[in-house]
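Report on the structure given below.
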Protein chains: 2
Amino acid sequence: MDAVDRLLASTRELLWERGYVGTSPKAIQQRSGVGQGSMYHHFAGKSDLALAAIAQSGAELRVSAATLLNKPGSARGRITAYLQREREVLKGCPIGRLTQDPDVLADETLRRPVDETLGWVRGRLAEILAEGKESGEFAADLDPIAVAATLLAVLQGGYVLARAANSTEPYEQAIKGALSLLR
Amino acid sequence: MDAVDRLLASTRELLWERGYVGTSPKAIQQRSGVGQGSMYHHFAGKSDLALAAIAQSGAELRVSAATLLNKPGSARGRITAYLQREREVLKGCPIGRLTQDPDVLADETLRRPVDETLGWVRGRLAEILAEGKESGEFAADLDPIAVAATLLAVLQGGYVLARAANSTEPYEQAIKGALSLLR
DNA sequence: GTCTATAACGGGATAGAC
DNA sequence: GTCTATCCCGTTATAGAC
């Protein structure tokens, strides 16, 4: 793993753990083992590093969501699998957490990959809900766009409740409740 | 408004806007117009100020939730009113946002009021869902604890989606979807 | 490409005068 | 109670040598 890869890996970890405001270039250097000069040779600065790291995390999130959501099977089955997939609940969502970072939201360049990633998941969920509606799995009056937003919000909000409680329990309840309502 | 009140008001605003990590004692002093010495006379330091501010915000959130949830009326009506009440969506939840702050979660003293506030709302929603189940408004197999977690997660996650998109639209869709599923 | 030196500024507080 | 001075350390770079 070269310097660039180690810098990106460390930046992604730190953004996940501490957010953008809570992450310093020095901390990135220490965690990655890459020196000051080397870091500024490869990246223009903190925001440049963060942009590359967020783009990578967003791409990875889409791939792993697509893997589950594109599988063959019923719409309900795929959505259930996606909602119930194993997650590091107490760590939260590496993309969603960035929405609490004022400096990320204030910078269109940094916010865009966050928006695109969550927007993509919402869209993909809506497509599957529409398929399930078509095939008669879901009620004819189900609104795919609205319910897709609801389901992704349950995930993102589930992280919030779990972190507040320092327990995965509320997250699991929230998922369980959402799946029961979808019946 | 005396110095203490102005310090607390400013701290609450800054915690809401920038989180704990993003809020400095100096910023609090400048926004409140209270001097350095005065601040450290009334509060032991940043975490002490934050604790008092979080407790106040949590108490206020409970009061405003209770106001809507305790009104007379059907269970469904009260829950709908709570979910649809006007909110500063793009600012997010002043309590929920603190769950993204590593220094808040790492300190039991600071995390407790966050946990208690969100836990209280979950509990109150569960009580109302149970009442509605009793009265036949909701299906007999509805799980009040799980669905209460789902509804609060939709709110908290709705903020996340809205801030990512820099638009209240996904928040409104998430609420709409949740209410439609509750039917 | 990577290293060390330097720098201007902010964070988070303590000390003691008034 | 409030003010100013002081302190040490971290942040976020830039400069230039190797």
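Going through the structure tokens in order, the chains are called A, B, and so on, while each chain numbers its residues from 1 and the ligands are numbered from 1 in the order shown.
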
Do a neighbour search on segment 2-17 of chain C at 10 Å with only C-alpha atoms (C1' of nucleotides), toss out local chain neighbours closer than 4 positions, and write the hits as a ChimeraX atom specification.
/A:34-39,41 /B:23-26,40,44-46 /D:3-18

I need the residue nearest chain A from this list: B:Val21, B:Val121, B:Ala81, B:Ile95. Use only C-alpha atoms for the distance.
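Among B:Val21, B:Val121, B:Ala81, B:Ile95, it is B:Val21 that comes nearest to chain A.
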
Residues at most 6 Å from segment 132-139 of chain A, counting only C-alpha atoms (C1' of nucleotides), excluding those fewer than 3 positions away in the same chain, as a PyMOL selection string?
chain A and resi 75+129+142

Would you give me, as a ChimeraX atom specification, the residues in chain A that DSSP reads as helix (DSSP H, G or I)?
/A:3-18,25-32,36-42,46-69,75-84,89-91,96-100,102-105,108-134,144-165,169-181

Skipping near chain neighbours, those fewer than 6 positions away, what residues fall within 9 Å of Pro94 of chain B using only C-alpha atoms (C1' of nucleotides), listed as a compact mmCIF listing (two decimals) with N, CA and C atoms, in the first residue's frame?
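selection38.txt written:
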```txt
# COMPACT_ATOMS: atom_id res chain seq x y z
N ARG B 12 -25.99 26.70 23.51
CA ARG B 12 -27.00 25.86 22.87
C ARG B 12 -27.04 26.09 21.36
N GLU B 13 -26.99 27.35 20.97
CA GLU B 13 -26.98 27.65 19.54
C GLU B 13 -25.76 27.03 18.85
N LEU B 15 -23.81 24.57 19.85
CA LEU B 15 -23.84 23.10 19.83
C LEU B 15 -24.76 22.61 18.72
N TRP B 16 -25.82 23.32 18.51
CA TRP B 16 -26.77 22.95 17.45
C TRP B 16 -26.14 23.13 16.07
N GLU B 17 -25.50 24.28 15.90
CA GLU B 17 -24.94 24.61 14.59
C GLU B 17 -23.66 23.85 14.27
N GLY B 19 -21.90 21.54 16.73
CA GLY B 19 -21.54 20.38 17.54
C GLY B 19 -20.55 20.73 18.63
N ILE B 54 -26.97 21.20 27.21
CA ILE B 54 -27.65 20.00 26.70
C ILE B 54 -28.86 19.67 27.57
N SER B 57 -31.64 22.02 26.62
CA SER B 57 -32.24 21.69 25.32
C SER B 57 -33.08 20.42 25.41
N GLY B 58 -32.59 19.46 26.17
CA GLY B 58 -33.33 18.21 26.32
C GLY B 58 -34.66 18.44 27.02
N LEU B 61 -37.05 20.12 24.67
CA LEU B 61 -37.56 19.20 23.65
C LEU B 61 -38.68 18.32 24.22
```

State, in Å with one decimal place, the distance from atom CA of Glu60 of chain A to atom CA of His42 of chain A.
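So the two atoms, atom CA of Glu60 of chain A and atom CA of His42 of chain A, lie 22.0 Å apart.
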
Could you check which of A:Leu179, A:Ser47, A:Arg62, A:Thr11 is closest to chain D, using only C-alpha atoms (C1' of nucleotides)?
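Of the candidates, the smallest distance to chain D is held by A:Ser47.
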
Have a look at atom CA of Leu182 of chain A and atom CA of Ala153 of chain B and let me know their distance in Å, one decimal.
15.4 Å

Find the residues around segment 169-173 of chain B up to 10 Å (only C-alpha atoms (C1' of nucleotides) counted), leave out those fewer than 3 positions away in its own chain, and share them as a PyMOL selection string.
(chain A and resi 119+122+143-150+152-153) or (chain B and resi 83-84+89-90+154-166+176-179)

At a cut-off of 10 Å, using only C-alpha atoms (C1' of nucleotides), what residues contact Leu69 of chain B? Leave out same-chain residues fewer than 3 positions from it and give the result as a list in words.
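The neighbour list is Val63, Ser64, Ala65, Ala66, Pro72, Gly73, Ala75, Gly77, Arg78, Ile79, Thr80, Ala81, Tyr82, Val121, Arg124, Leu125 and Ile128 of chain B.
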
Quick check, in Å to one decimal: how far apart do atom CA of Leu98 of chain B and atom CA of Ala174 of chain A lie?
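If I compute the distance from atom CA of Leu98 of chain B to atom CA of Ala174 of chain A, I get 19.5 Å.
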